[in-house]
>>> print(open('model.cif').read())   # mmCIF, C-alpha atoms
data_protein
loop_
_atom_site.label_atom_id
_atom_site.label_comp_id
_atom_site.auth_asym_id
_atom_site.auth_seq_id
_atom_site.Cartn_x
_atom_site.Cartn_y
_atom_site.Cartn_z
CA MET W 1 105.80 97.19 99.77
CA LEU W 2 102.81 95.88 97.81
CA ASP W 3 102.44 99.18 95.97
CA GLU W 4 106.01 99.28 94.67
CA PRO W 5 106.20 98.91 90.86
CA ALA W 6 107.89 95.79 89.51
CA ARG W 7 111.47 96.27 88.42
CA PRO W 8 111.87 96.08 84.59
CA LEU W 9 113.56 93.00 83.18
CA LEU W 10 115.63 95.08 80.77
CA SER W 11 117.06 98.58 80.69
CA GLU W 12 115.95 101.03 78.03
CA LEU W 13 119.31 100.61 76.29
CA ALA W 14 118.88 96.82 76.12
CA VAL W 15 115.41 97.23 74.59
CA ASP W 16 116.77 99.72 72.02
CA ALA W 17 119.68 97.37 71.25
CA TYR W 18 117.30 94.46 70.66
CA ARG W 19 115.22 96.55 68.26
CA ALA W 20 118.37 97.70 66.46
CA ALA W 21 119.43 94.05 66.05
CA LEU W 22 116.03 93.28 64.52
CA ARG W 23 116.57 96.02 61.94
CA ILE W 24 120.12 94.94 61.19
CA GLY W 25 119.30 91.23 61.21
CA VAL W 26 122.12 90.28 63.57
CA PHE W 27 123.47 91.61 66.86
CA ASP W 28 126.87 93.08 65.98
CA ASP W 29 128.28 95.10 68.87
CA GLU W 30 129.92 97.76 66.71
CA GLU W 31 126.98 98.18 64.32
CA VAL W 32 124.46 98.43 67.15
CA ALA W 33 126.69 100.92 69.01
CA ALA W 34 127.01 103.07 65.88
CA GLU W 35 123.25 103.04 65.25
CA LEU W 36 122.43 103.96 68.84
CA GLY W 37 125.28 106.43 69.23
CA VAL W 38 126.64 104.85 72.41
CA SER W 39 129.94 103.27 73.38
CA PRO W 40 130.59 99.60 72.43
CA ALA W 41 131.19 98.78 76.09
CA ARG W 42 127.61 99.71 76.99
CA VAL W 43 126.31 97.66 74.06
CA VAL W 44 128.27 94.64 75.31
CA GLU W 45 126.50 94.96 78.70
CA ALA W 46 123.12 95.18 76.95
CA ARG W 47 123.91 92.11 74.84
CA LYS W 48 124.80 90.05 77.90
CA ALA W 49 121.52 91.04 79.57
CA LEU W 50 119.57 90.02 76.46
CA GLN W 51 121.43 86.71 76.27
CA ASP W 52 120.75 86.01 79.95
CA LEU W 53 117.03 86.25 79.16
CA ARG W 54 117.54 84.13 76.00
CA LEU W 55 116.38 86.98 73.75
CA LEU W 56 119.61 86.57 71.78
CA SER W 57 121.34 83.41 70.62
CA PRO W 58 124.53 82.55 72.58
CA ASP W 59 127.99 83.53 71.36
CA ASP W 60 129.19 81.08 68.72
CA HIS W 61 132.19 81.73 66.50
CA ASP W 62 130.60 79.64 63.72
CA SER W 63 127.31 81.61 63.61
CA PRO W 64 126.30 85.21 64.32
CA VAL W 65 124.28 86.34 67.35
CA VAL W 66 120.66 86.83 66.28
CA PRO W 67 117.42 87.94 68.05
CA LEU W 68 115.15 85.16 69.37
CA ASP W 69 111.34 85.01 69.80
CA PRO W 70 110.18 86.99 72.92
CA ALA W 71 107.00 84.88 73.16
CA VAL W 72 109.06 81.83 74.01
CA VAL W 73 110.93 83.77 76.72
CA GLU W 74 107.62 85.09 78.10
CA ALA W 75 106.23 81.59 78.43
CA ASP W 76 109.40 80.38 80.16
CA LEU W 77 109.23 83.22 82.70
CA VAL W 78 105.48 83.43 83.33
CA THR W 79 104.52 79.76 83.52
CA PRO W 80 106.34 79.06 86.84
CA LEU W 81 104.81 82.21 88.37
CA GLU W 82 101.30 81.24 87.29
CA THR W 83 101.82 77.77 88.71
CA MET W 84 102.93 79.27 92.04
CA ILE W 85 99.94 81.66 92.12
CA ALA W 86 97.52 78.81 91.43
CA SER W 87 99.11 76.84 94.26
CA GLN W 88 98.74 79.78 96.66
CA ARG W 89 95.10 80.23 95.68
CA ARG W 90 94.41 76.56 96.42
CA ARG W 91 96.10 76.98 99.79
CA ILE W 92 94.02 80.08 100.59
CA ALA W 93 90.83 78.22 99.65
CA GLY W 94 91.84 75.34 101.92
CA ILE W 95 92.45 77.74 104.83
CA HIS W 96 89.04 79.37 104.34
CA ARG W 97 87.32 75.99 104.10
CA GLN W 98 88.93 74.46 107.19
CA LEU W 99 88.66 77.49 109.47
CA HIS W 100 85.14 78.36 108.38
CA SER W 101 84.03 74.92 109.57
CA LEU W 102 85.17 75.91 113.09
CA VAL W 103 83.34 79.26 113.21
CA GLY W 104 79.95 77.76 114.09
CA PRO W 105 81.20 75.68 117.04
CA TYR W 106 83.23 78.67 118.30
CA ARG W 107 80.23 81.03 118.20
CA THR W 108 78.10 78.47 120.05
CA ALA W 109 80.74 77.99 122.75
CA GLU W 110 81.29 81.75 123.02
CA ARG W 111 77.59 82.46 123.51
CA SER W 112 77.43 79.78 126.17
CA ARG W 113 80.52 81.13 127.90
CA SER W 114 79.20 84.70 127.83
CA ALA W 115 75.90 83.59 129.32
CA ASP W 116 77.69 81.78 132.14
CA VAL W 117 80.25 84.56 132.79
CA PRO W 118 78.60 88.00 132.42
CA ILE W 119 81.81 89.73 133.59
CA ARG W 120 85.25 88.53 132.50
CA VAL W 121 88.35 90.24 133.87
CA LEU W 122 91.34 90.28 131.52
CA ASP W 123 94.64 91.22 133.14
CA ASN W 124 96.71 91.11 129.94
CA ALA W 125 96.55 94.23 127.75
CA ASP W 126 97.03 92.17 124.57
CA ASP W 127 93.98 90.06 125.46
CA VAL W 128 92.00 93.26 125.99
CA ARG W 129 93.02 94.59 122.57
CA ARG W 130 91.98 91.33 120.90
CA GLU W 131 88.56 91.43 122.58
CA ILE W 132 88.05 95.07 121.60
CA ASP W 133 89.08 94.33 118.00
CA LEU W 134 86.59 91.45 117.89
CA ALA W 135 83.79 93.63 119.29
CA ARG W 136 84.62 96.38 116.78
CA ARG W 137 84.48 94.00 113.82
CA ARG W 138 81.09 92.69 114.98
CA CYS W 139 79.69 96.15 115.75
CA THR W 140 76.68 97.05 113.56
CA THR W 141 74.85 99.97 115.17
CA GLU W 142 76.72 102.13 117.70
CA ARG W 143 79.96 102.71 119.61
CA MET W 144 79.96 104.92 122.69
CA SER W 145 83.15 105.84 124.53
CA LEU W 146 84.36 108.00 127.40
CA GLN W 147 87.98 109.13 127.04
CA PRO W 148 89.18 110.94 130.17
CA GLY W 149 92.44 112.85 130.30
CA GLY W 150 93.85 115.42 127.92
CA GLY W 151 95.02 114.99 124.34
CA ARG W 152 96.09 111.55 123.15
CA SER W 153 99.26 110.56 121.30
CA ALA W 154 99.51 111.01 117.54
CA ASP W 155 100.24 107.29 116.96
CA LEU W 156 97.21 106.20 118.95
CA LEU W 157 94.95 108.72 117.20
CA GLN W 158 96.19 107.66 113.76
CA GLN W 159 95.38 104.03 114.53
CA ASP W 160 91.98 104.97 115.93
CA LEU W 161 91.28 107.19 112.90
CA VAL W 162 91.52 104.18 110.58
CA GLN W 163 89.30 102.03 112.81
CA THR W 164 86.72 104.75 113.47
CA THR W 165 86.47 105.71 109.79
CA GLU W 166 85.88 102.06 108.89
CA LEU W 167 83.03 101.85 111.42
CA LEU W 168 81.45 105.09 110.18
CA ARG W 169 81.52 103.91 106.59
CA ARG W 170 79.70 100.76 107.70
CA GLY W 171 76.92 102.95 109.08
CA VAL W 172 77.87 102.66 112.76
CA ARG W 173 77.01 105.67 114.93
CA ILE W 174 80.07 106.97 116.80
CA ARG W 175 79.79 109.09 119.96
CA THR W 176 82.91 110.02 121.92
CA LEU W 177 83.20 112.18 125.03
CA TYR W 178 86.54 113.74 125.98
CA GLN W 179 87.43 116.11 128.78
CA HIS W 180 87.61 119.84 128.06
CA THR W 181 91.42 119.80 128.28
CA ALA W 182 91.59 117.68 125.10
CA ARG W 183 90.70 120.83 123.16
CA SER W 184 94.18 122.23 123.77
CA SER W 185 95.81 119.31 121.89
CA LEU W 186 96.41 120.08 118.20
CA THR W 187 96.63 116.38 117.26
CA THR W 188 93.35 115.66 119.03
CA ARG W 189 91.63 118.62 117.37
CA THR W 190 92.86 117.43 113.96
CA TYR W 191 91.65 113.90 114.65
CA VAL W 192 88.25 115.14 115.78
CA GLY W 193 87.97 117.26 112.65
CA HIS W 194 88.59 114.21 110.44
CA ILE W 195 86.09 111.89 112.12
CA SER W 196 83.49 114.67 112.43
CA GLU W 197 83.61 115.13 108.66
CA GLU W 198 82.84 111.41 108.36
CA GLY W 199 79.82 111.75 110.66
CA ALA W 200 81.14 111.08 114.18
CA GLU W 201 79.73 113.01 117.15
CA VAL W 202 82.28 114.33 119.67
CA ARG W 203 81.76 116.35 122.84
CA THR W 204 83.83 117.40 125.85
CA ALA W 205 82.93 117.63 129.54
CA GLU W 206 84.59 118.95 132.70
CA GLU W 207 85.20 115.65 134.49
CA LEU W 208 85.00 112.01 133.43
CA SER W 209 85.37 109.29 136.00
CA GLU W 210 86.94 106.51 133.94
CA ARG W 211 87.50 105.21 130.42
CA LEU W 212 84.56 103.27 128.97
CA ILE W 213 83.78 101.69 125.58
CA ILE W 214 80.39 100.19 124.70
CA TYR W 215 79.57 98.39 121.44
CA ASP W 216 75.98 97.94 120.24
CA ARG W 217 74.73 98.39 123.82
CA THR W 218 75.55 94.71 124.41
CA ILE W 219 79.22 94.59 125.46
CA ALA W 220 81.22 97.09 127.53
CA PHE W 221 84.89 97.42 128.41
CA VAL W 222 85.81 98.93 131.78
CA PRO W 223 89.51 99.30 132.72
CA THR W 224 90.79 97.58 135.83
CA GLU W 225 92.85 99.42 138.39
CA ARG W 226 96.30 100.22 137.01
CA ARG W 227 99.19 98.40 138.65
CA GLY W 228 102.69 99.62 137.95
CA ASP W 229 103.71 101.33 134.72
CA GLY W 230 102.11 98.87 132.30
CA PRO W 231 98.70 99.32 130.65
CA PRO W 232 95.72 98.18 132.72
CA GLY W 233 93.53 95.20 131.99
CA ALA W 234 89.78 95.43 131.55
CA ALA W 235 86.52 93.91 132.63
CA VAL W 236 84.46 92.67 129.68
CA VAL W 237 80.82 93.14 130.66
CA THR W 238 77.99 91.39 128.80
CA ASP W 239 75.35 91.24 131.54
CA PRO W 240 72.34 93.10 130.06
CA THR W 241 71.47 94.89 133.31
CA LEU W 242 75.01 96.15 133.89
CA VAL W 243 75.51 97.16 130.25
CA ALA W 244 72.20 99.07 130.34
CA TYR W 245 73.37 100.87 133.49
CA LEU W 246 76.66 101.82 131.82
CA CYS W 247 74.74 103.08 128.78
CA ARG W 248 72.60 105.31 131.03
CA SER W 249 75.76 106.60 132.69
CA PHE W 250 77.20 107.46 129.31
CA GLU W 251 74.00 109.23 128.23
CA ALA W 252 74.02 111.32 131.43
CA ALA W 253 77.63 112.39 130.81
CA TRP W 254 76.90 112.99 127.11
CA GLN W 255 74.06 115.41 127.89
CA THR W 256 76.42 117.61 129.92
CA GLY W 257 79.02 117.81 127.14
CA SER W 258 79.80 120.65 124.75
CA PRO W 259 80.12 119.93 120.99
CA PHE W 260 83.71 119.49 119.85
CA GLY W 261 84.25 119.29 116.11
CA SER W 262 85.79 120.95 113.09
CA GLY W 263 83.12 123.64 113.25
CA THR W 264 83.66 124.57 116.93
CA GLU W 265 82.92 128.26 117.47
CA PRO W 266 85.16 130.55 119.56
CA THR W 267 82.24 131.11 121.95
CA ASP W 268 82.24 127.38 122.71
CA ASP W 269 85.90 127.52 123.71
CA GLN W 270 85.20 130.54 125.90
CA GLN W 271 82.44 128.66 127.71
CA VAL W 272 84.73 125.64 128.10
CA ASN W 273 87.43 127.84 129.64
CA ALA W 274 84.87 129.30 132.03
CA ASP W 275 83.75 125.78 132.98
CA LEU W 276 87.35 124.75 133.68
CA ARG W 277 87.92 127.79 135.90
CA ALA W 278 84.73 127.01 137.81
CA SER W 279 85.80 123.38 138.23
CA ILE W 280 89.21 124.38 139.56
CA LEU W 281 87.62 126.77 142.05
CA ARG W 282 85.19 124.09 143.20
CA LEU W 283 87.92 121.48 143.65
CA MET W 284 90.16 124.00 145.43
CA SER W 285 87.33 124.69 147.85
CA LEU W 286 87.30 120.98 148.70
CA GLY W 287 90.93 121.24 149.77
CA LEU W 288 92.24 118.92 147.05
CA LYS W 289 95.92 119.00 146.14
CA ASP W 290 97.14 120.34 142.81
CA GLU W 291 98.00 116.84 141.54
CA VAL W 292 94.52 115.53 142.36
CA ILE W 293 92.80 118.50 140.69
CA ALA W 294 94.97 118.08 137.59
CA ARG W 295 94.20 114.36 137.37
CA ARG W 296 90.46 114.87 137.75
CA LEU W 297 90.41 117.56 135.06
CA GLY W 298 92.75 115.68 132.70
CA MET W 299 95.50 118.27 132.55
CA ALA W 300 99.19 118.44 133.40
CA THR W 301 99.99 119.39 136.98
CA ARG W 302 102.10 122.33 135.78
CA THR W 303 99.19 123.67 133.71
CA CYS W 304 96.84 123.22 136.63
CA ARG W 305 99.16 125.21 138.90
CA ARG W 306 99.26 128.08 136.39
CA HIS W 307 95.46 128.22 136.47
CA ILE W 308 95.42 128.09 140.27
CA SER W 309 98.00 130.88 140.50
CA ALA W 310 95.96 133.11 138.18
CA LEU W 311 92.77 132.42 140.14
CA MET W 312 94.48 133.20 143.46
CA ASP W 313 95.63 136.54 142.04
CA GLU W 314 92.05 137.33 141.01
CA LEU W 315 90.78 136.35 144.46
CA GLY W 316 93.48 138.39 146.18
CA ALA W 317 94.50 135.34 148.21
CA MET W 318 98.02 134.92 149.56
CA SER W 319 97.71 131.17 150.23
CA ARG W 320 95.67 128.13 149.25
CA PHE W 321 94.01 128.19 152.68
CA GLN W 322 92.98 131.81 152.27
CA ALA W 323 91.70 131.10 148.76
CA GLY W 324 89.61 128.23 150.11
CA VAL W 325 88.10 130.51 152.78
CA ILE W 326 87.22 133.19 150.20
CA ILE W 327 85.68 130.66 147.86
CA GLY W 328 83.70 129.08 150.70
CA ARG W 329 82.32 132.46 151.81
CA ARG W 330 81.30 133.42 148.30
CA GLN W 331 79.61 130.10 147.71
CA ALA W 332 77.74 130.38 151.01
CA ALA W 333 76.63 134.01 150.46
CA PRO W 334 72.95 134.20 149.33
CA GLU W 335 72.30 135.87 146.02
CA ALA W 336 70.99 139.42 146.46
CA PRO W 337 67.41 139.88 145.14
CA PRO W 338 66.88 142.41 142.36
CA ARG W 339 66.28 145.93 143.68
CA THR W 340 63.89 148.54 142.32
CA GLY W 341 63.25 152.18 142.92
CA PRO W 342 65.64 155.08 143.48
CA ALA W 343 67.95 152.98 145.62
CA ALA W 344 68.54 150.49 142.83
CA GLY W 345 72.22 150.07 142.02
CA ALA W 346 73.31 151.29 145.45
CA GLY W 347 74.31 147.83 146.68
CA THR W 348 77.45 147.32 148.73
CA ALA W 349 80.49 145.32 147.70
CA GLU W 350 79.29 142.46 149.93
CA THR W 351 75.99 142.08 148.03
CA ALA W 352 77.36 142.64 144.50
CA PRO W 353 77.50 139.47 142.37
CA GLU W 354 80.97 138.02 141.89
CA SER W 355 80.79 137.29 138.18
CA ALA W 356 84.37 136.11 138.03
CA VAL W 357 83.64 133.34 140.54
CA GLN W 358 80.19 132.41 139.24
CA LYS W 359 81.38 131.94 135.67
#
>>> encode(input="model.cif", output="structure tokens")
Amino acid sequence: MLDEPARPLLSELAVDAYRAALRIGVFDDEEVAAELGVSPARVVEARKALQDLRLLSPDDHDSPVVPLDPAVVEADLVTPLETMIASQRRRIAGIHRQLHSLVGPYRTAERSRSADVPIRVLDNADDVRREIDLARRRCTTERMSLQPGGGRSADLLQQDLVQTTELLRRGVRIRTLYQHTARSSLTTRTYVGHISEEGAEVRTAEELSERLIIYDRTIAFVPTERRGDGPPGAAVVTDPTLVAYLCRSFEAAWQTGSPFGSGTEPTDDQQVNADLRASILRLMSLGLKDEVIARRLGMATRTCRRHISALMDELGAMSRFQAGVIIGRRQAAPEAPPRTGPAAGAGTAETAPESAVQK
């Protein structure tokens, strides 16, 4: 709304009619219409608009209608606006002055409160958002975040794009770790491409335990357990020992990640797919249900079942139980040592490496 151009006071015809009246000396409807080559009815509308702005003298049978000074009209129109703007500026200055006087006491009380309560649990999602916004505005060096699950919604990514870009342009280092399944989301890939161009670092990993955001290695946000369909709350952690532990946990997860950016090579995606297959096989061998495997790997249950079906076909298994037995045997089988001499390459099927499973 702020970018919309101001509507003109007069139409082009009214402006042309005013100029024609200046040349003629008076505003005569028929003469102006003839000079402009338009109908008298349109000229009458233009005259009324000019008279409403007091650019023409009013109708008077004793004297002709003549053009009036635009500078007088300008002063009449602009002066009230300038007075209103000056009043608004004084009000803004008063707001800044009064609220700024409260910033110091608030910061002192906040530091004291944080020292006394190293972990604050916020149950309301709006309170969590306000705390995160405050931490983001104060952030000066680094933001680290773990984002489990697959791709995120376009609306959420658009909002985060604005906030992340603002941090990057302030010189804040951004590191974000997603799960491998986020690579299949077009909106997430587009988002990552944008922030990577601005300097953000993004990687993906097989499994992430929980969402985590850390600002400046001094304050961390850890989600509480979700209850019902609403968004979860969060624990706001400022205890230096706990925050340092969470930072080490992030660094450990970060080191296992694969780069995910606008310049991602096809070989990276191939390795990620191999990692996902290996993770599914490992979780299947633990006897986990499809829904649990899907949740841990951040993918839809239907997608997870397609992967499991394909893997069972490769294993030659007719059931999940049989697949688990085959996987367990192959994991327990010792790797055959390299063989030399004439008999090299004569290994049996039992000792041959199962590349499809090891990948």
>>> residues_near_point(input="model.cif", point="(83.6, 116.2, 123.3)", cutoff="7 Å", atoms="all atoms listed in the file", output="NGL selection string")
:W and (176-179 or 202-205 or 257-260)
>>> atom_distance(input="model.cif", atom1="CA of Glu12 (chain W)", atom2="CA of Ala46 (chain W)")
9.3 Å
>>> resolve_selection(input="model.cif", expression="the PyMOL selection byres ((chain W and resi 18) around 10)", output="VMD selection string")
chain W and resid 12 to 17 19 to 24 26 to 27 32 46 to 47 50 55 to 56 66 to 68
>>> resolve_selection(input="model.cif", expression="the PyMOL selection byres ((chain W and resi 143) around 12)", output="PyMOL selection string")
chain W and resi 132+135-142+144-146+163-164+167-168+171-177+200-202+212-221+247+250
>>> resolve_selection(input="model.cif", expression="the PyMOL selection byres ((chain W and resi 238) around 7)", output="list in words")
Ser114, Pro118, Ile119, Thr218, Ile219, Ala220, Val236, Val237, Asp239, Pro240 and Val243 of chain W
>>> closest_residue(input="model.cif", among="W:Leu286, W:Pro231, W:Val65, W:Ala310", to="Asp29 (chain W)", atoms="all atoms listed in the file")
W:Val65
>>> closest_residue(input="model.cif", among="W:Glu314, W:Glu35, W:Asp290, W:Glu251", to="Ile326 (chain W)", atoms="only C-alpha atoms")
W:Glu314
>>> atom_distance(input="model.cif", atom1="CA of Ala86 (chain W)", atom2="CA of Ser101 (chain W)")
22.9 Å
>>> residues_near_point(input="model.cif", point="(95.8, 95.5, 137.6)", cutoff="12 Å", atoms="only C-alpha atoms", output="ChimeraX atom specification")
/W:121-125,223-235
>>> write_last_selection(input="model.cif", atoms="C-alpha atoms", output="mmCIF file, keeping the file's coordinate frame")
data_model
loop_
_atom_site.group_PDB
_atom_site.id
_atom_site.type_symbol
_atom_site.label_atom_id
_atom_site.label_comp_id
_atom_site.auth_asym_id
_atom_site.auth_seq_id
_atom_site.Cartn_x
_atom_site.Cartn_y
_atom_site.Cartn_z
ATOM 1 C CA VAL W 121 88.350 90.240 133.870
ATOM 2 C CA LEU W 122 91.340 90.280 131.520
ATOM 3 C CA ASP W 123 94.640 91.220 133.140
ATOM 4 C CA ASN W 124 96.710 91.110 129.940
ATOM 5 C CA ALA W 125 96.550 94.230 127.750
ATOM 6 C CA PRO W 223 89.510 99.300 132.720
ATOM 7 C CA THR W 224 90.790 97.580 135.830
ATOM 8 C CA GLU W 225 92.850 99.420 138.390
ATOM 9 C CA ARG W 226 96.300 100.220 137.010
ATOM 10 C CA ARG W 227 99.190 98.400 138.650
ATOM 11 C CA GLY W 228 102.690 99.620 137.950
ATOM 12 C CA ASP W 229 103.710 101.330 134.720
ATOM 13 C CA GLY W 230 102.110 98.870 132.300
ATOM 14 C CA PRO W 231 98.700 99.320 130.650
ATOM 15 C CA PRO W 232 95.720 98.180 132.720
ATOM 16 C CA GLY W 233 93.530 95.200 131.990
ATOM 17 C CA ALA W 234 89.780 95.430 131.550
ATOM 18 C CA ALA W 235 86.520 93.910 132.630
#
>>> atom_distance(input="model.cif", atom1="CA of Ile308 (chain W)", atom2="CA of Gly287 (chain W)")
12.5 Å
